[in-house]
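*Asks:* This is the structure I have questions about; it appears just below.
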Amino acid sequence: MKTNRLILFITLLSLFVGTSCKKMPQHIGDSLQPNSSYIKVAFTGDYNIESEVERIDSLSTKSATLSLLGNLYDPHFGQSDLSFYTQLGLTSNDMQFGEGAVTDSIVLQVIYAGFYGDTLTPLTVHVYEVLEDMDADTNQTYYSNTSFEFGNELANYTFLPKPKTFSNIDDDTLNSAVLRIPIDIAFGERLILDEDDALTSNSRFMDYFKGLYLDCEIPAGRGSICYFNMLHTKSYLRIYYHNDYDTTFYDFNVSDKYVRFNHFEHNYNTAQSPIIFDDTLNNPYLFVQSTAGVRSRLKFPNIAQWAQDLNTNVLINEAKLILSGANGLINGVNNDTAMFSAPIQLVVAKAKSDGSYSIMPDQLVGTDYFGGYYDPETDQIWFRISEYVQDLILAGPDAENYGIYVYTYSGSFNAKRWIFHGPDSPDTTKAVRLEIIYSQIDD
């Protein structure tokens, strides 16, 4: 199941619509009814809200904004191994190293763009040469579970992530943090030997050298995920060399026209407090995780019957879904929200029978109306799903209802997770709830 492109569409569409709307309605039907006619009701746990946690099969990560690298242990989500593939290209055609050329050193330099986890734990990165062709065709999609054969280890380097330490190196004056990975000098010697075949054009170089794969070992401690901007002008593979006349360098770089994608692997069995998946009967807590991790499904099986039992037409003025963060001990294990901070934004989508989804009708109104943003003061995220609830009522009690999915935002390049109270929460004041304001309309 490739449940991937629509999340990007949903988030981009929400940003577009949110900036276009100047006036955001607070309640559907406000202009139809006086405030005195509003009636409030809340749907919470028990039989009112059903839930479950599901694994996400895969996610499109081709040309993701950031490249993710690292290995992170989370006592609730287990071990996560995030790696990436990328092609490299020439910065000039017909490159010549010159007479008597000898490689002095090679460095892969990448620009930090953030991190997640414990940067006090050293990481060991391996850099490999990709052995299969990667297709840059615009119609080719690469998913988070896509793999290519690789070999020829070019680097084995242990480093302490320093994503906030600015660097000034060689000819570069950077106001950025960088990671510089020493590459096996034999790679440079190979290029010098084969320069006539490999360096005459970009296409010939990519036939000769397919690309790089970067992956990290499981660390001794908790570990972290590093975000890198591979399209930054100072992200490159640089060969330092000298010939009979000069000492200089040559850069290979990454372009948005080349293949670049993230690869994600999660092992939930290693968690100290493992997630129970696909359980619709008992969910004191619910979970979401980006990087093709997990999503939560919510269903409201009794709303249509409730409306029918009122024996009148029901107009939904507002339906607000409220999610409250879970802190402290969860299933006996501490949820470290300082280390694993909440995502800035979540996304909800309408579930379909085959596990795919479609955009929520309320999202078309705009992001200020729709919601989805984390509030650190209340430790909550809310969504207005008024039109969705109205549609459930109009469809009737016998209509199929597959619920809604809750995801993290920007899951292809943003390593975040969140635990929130489910319908069976031990703290009933924080259990997931749907607050409805409605009016009764008589024909």
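Chain identifiers are assigned as A, B, and so on, following the order in which chains appear in the structure tokens; residues are numbered from 1 within each chain, and ligands are numbered from 1 in order of appearance.
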With 9 Å as the cut-off and only C-alpha atoms counted, what is the closest atom pair between each nearby residue of segment 406-439 of chain A and segment 109-118 of chain A? Distances in Å to one decimal, ordered by chain and number, as JSON lines.
*Replies:*
{"residue": "A:Asn414", "atom": "CA", "partner": "A:Tyr116", "partner_atom": "CA", "distance": 8.9}
{"residue": "A:Ala415", "atom": "CA", "partner": "A:Tyr116", "partner_atom": "CA", "distance": 6.6}
{"residue": "A:Lys416", "atom": "CA", "partner": "A:Tyr116", "partner_atom": "CA", "distance": 7.6}
*Asks:* Find the spatial neighbours of segment 272-275 of chain A, counting only C-alpha atoms, within a cut-off of 7 Å - ignore same-chain residues fewer than 6 positions away - and output them as a ChimeraX atom specification.
*Replies:* /A:75-77,331,333
*Asks:* Go through segment 42-181 of chain A and collect every residue that DSSP, computed from the backbone, puts in strand (DSSP E); the answer should be as a PyMOL selection string.
*Replies:* chain A and resi 42-43+50-55+67-74+78-86+89-90+102-117+123-130+150-159+178-181
*Asks:* Nearest residue to Gln87 of chain A out of A:Ala101, A:Ala136, A:Val107, A:Leu69, using only C-alpha atoms?
*Replies:*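 Using only C-alpha atoms, the shortest distance to Gln87 of chain A belongs to A:Ala136.
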*Asks:* Name all residues at most 7 Å from segment 419-429 of chain A (count only C-alpha atoms; drop same-chain ones fewer than 3 positions away) and give them as a list in words.
*Replies:*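 Contacts, in chain order: Thr44, Gly45, Asp46, Ile49, Asn282, Asn283, Pro284, Tyr285, Leu286, Phe287, Val288, Leu323, Ser324, Gly325, Ala326 and Val432 of chain A.
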*Asks:* Using Å and a single decimal, report how far atom CA of Glu54 of chain A sits from atom CA of Thr146 of chain A.
*Replies:*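 Computing the Euclidean distance for atom CA of Thr146 of chain A and atom CA of Glu54 of chain A yields 20.3 Å.
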*Asks:* Where in segment 165-219 of chain A does DSSP assign helix (DSSP H, G or I), given as a list in words?
*Replies:*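 Helix (DSSP H, G or I) members of segment 165-219 of chain A, listed: Ile185, Ala186, Phe187, Gly188, Glu189, Arg190, Leu191, Ile192, Leu193, Glu195, Asp196, Asp197, Ala198, Asn202, Ser203, Arg204, Phe205, Met206, Asp207 and Tyr208 of chain A.
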*Asks:* What would the file look like if the residues just selected were written as a PDB file, in the first residue's frame with C-alpha atoms?
*Replies:*
ATOM      1  CA  ILE A 185      41.555   7.819  -0.729  1.00  0.00           C
ATOM      2  CA  ALA A 186      41.505   4.843  -3.100  1.00  0.00           C
ATOM      3  CA  PHE A 187      38.307   6.255  -4.617  1.00  0.00           C
ATOM      4  CA  GLY A 188      40.240   9.316  -5.793  1.00  0.00           C
ATOM      5  CA  GLU A 189      43.008   7.207  -7.250  1.00  0.00           C
ATOM      6  CA  ARG A 190      40.401   5.197  -9.127  1.00  0.00           C
ATOM      7  CA  LEU A 191      38.896   8.384 -10.587  1.00  0.00           C
ATOM      8  CA  ILE A 192      42.283   9.658 -11.684  1.00  0.00           C
ATOM      9  CA  LEU A 193      42.979   6.352 -13.406  1.00  0.00           C
ATOM     10  CA  GLU A 195      39.104  10.039 -15.759  1.00  0.00           C
ATOM     11  CA  ASP A 196      38.865   9.741 -19.552  1.00  0.00           C
ATOM     12  CA  ASP A 197      35.949   7.322 -19.234  1.00  0.00           C
ATOM     13  CA  ALA A 198      34.233   8.762 -16.165  1.00  0.00           C
ATOM     14  CA  ASN A 202      27.629  13.997 -16.307  1.00  0.00           C
ATOM     15  CA  SER A 203      25.738  11.122 -17.900  1.00  0.00           C
ATOM     16  CA  ARG A 204      28.931   9.106 -18.346  1.00  0.00           C
ATOM     17  CA  PHE A 205      29.926   9.798 -14.764  1.00  0.00           C
ATOM     18  CA  MET A 206      26.579   8.551 -13.438  1.00  0.00           C
ATOM     19  CA  ASP A 207      26.943   5.414 -15.540  1.00  0.00           C
ATOM     20  CA  TYR A 208      30.373   4.955 -13.998  1.00  0.00           C
TER      21      TYR A 208
END
*Asks:* Could you give me, as a PyMOL selection string, the residues within 7 Å of segment 292-304 of chain A, counting only C-alpha atoms and dropping anything in the same chain fewer than 3 positions from it?
*Replies:* chain A and resi 48-59+144+264+266+286-289+307-308+392-393+396-397+402-407+411
*Asks:* Find the spatial neighbours of Asn175 of chain A, counting only C-alpha atoms, within a cut-off of 10 Å - ignore same-chain residues fewer than 5 positions away - and output them as a PyMOL selection string.
*Replies:* chain A and resi 165-168
*Asks:* For atom CA of Asn71 of chain A and atom CA of Asn267 of chain A, determine how far apart the two atoms are, in Å to one decimal place.
*Replies:*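 So the two atoms, atom CA of Asn71 of chain A and atom CA of Asn267 of chain A, lie 11.2 Å apart.
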*Asks:* Quote the spacing between atom CA of Val254 of chain A and atom CA of Leu237 of chain A in Å to one decimal place.
*Replies:* 9.0 Å
*Asks:* Of the residues A:Ile344, A:Val102, A:Met134, A:Met339, which is the one nearest to Ile381 of chain A, using only C-alpha atoms?
*Replies:*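 Closest to Ile381 of chain A, using only C-alpha atoms: A:Ile344.
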*Asks:* Might you pull out every residue within 12 Å of Val314 of chain A, with only C-alpha atoms counted and same-chain residues fewer than 5 positions away left off, and present them as a list of chain:residue names?
*Replies:*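 These residues fall inside the cut-off: A:Ile28, A:Gly29, A:Gln33, A:Ser37, A:Tyr38, A:Ile39, A:Ile303, A:Ala304, A:Gln305, A:Trp306, A:Ala307, A:Gln308, A:Asp309, A:Ser386, A:Val389, A:Gln390, A:Asp391, A:Leu392, A:Ile393, A:Leu394, A:Gly396, A:Ile436, A:Ile437, A:Tyr438, A:Ser439, A:Gln440, A:Ile441, A:Asp442, A:Asp443.
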*Asks:* In terms of the shortest atom-to-atom distance over only C-alpha atoms, which of A:Leu131, A:Leu82, A:Leu364, A:Ala64 is closest to Phe209 of chain A?
*Replies:*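 For Phe209 of chain A, the nearest of the given residues is A:Leu131.
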*Asks:* Taking only C-alpha atoms into account, which of A:Asn334, A:Thr103, A:Thr291, A:Gln140 comes nearest Thr247 of chain A?
*Replies:*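 Result for the nearest residue to Thr247 of chain A: A:Thr103.
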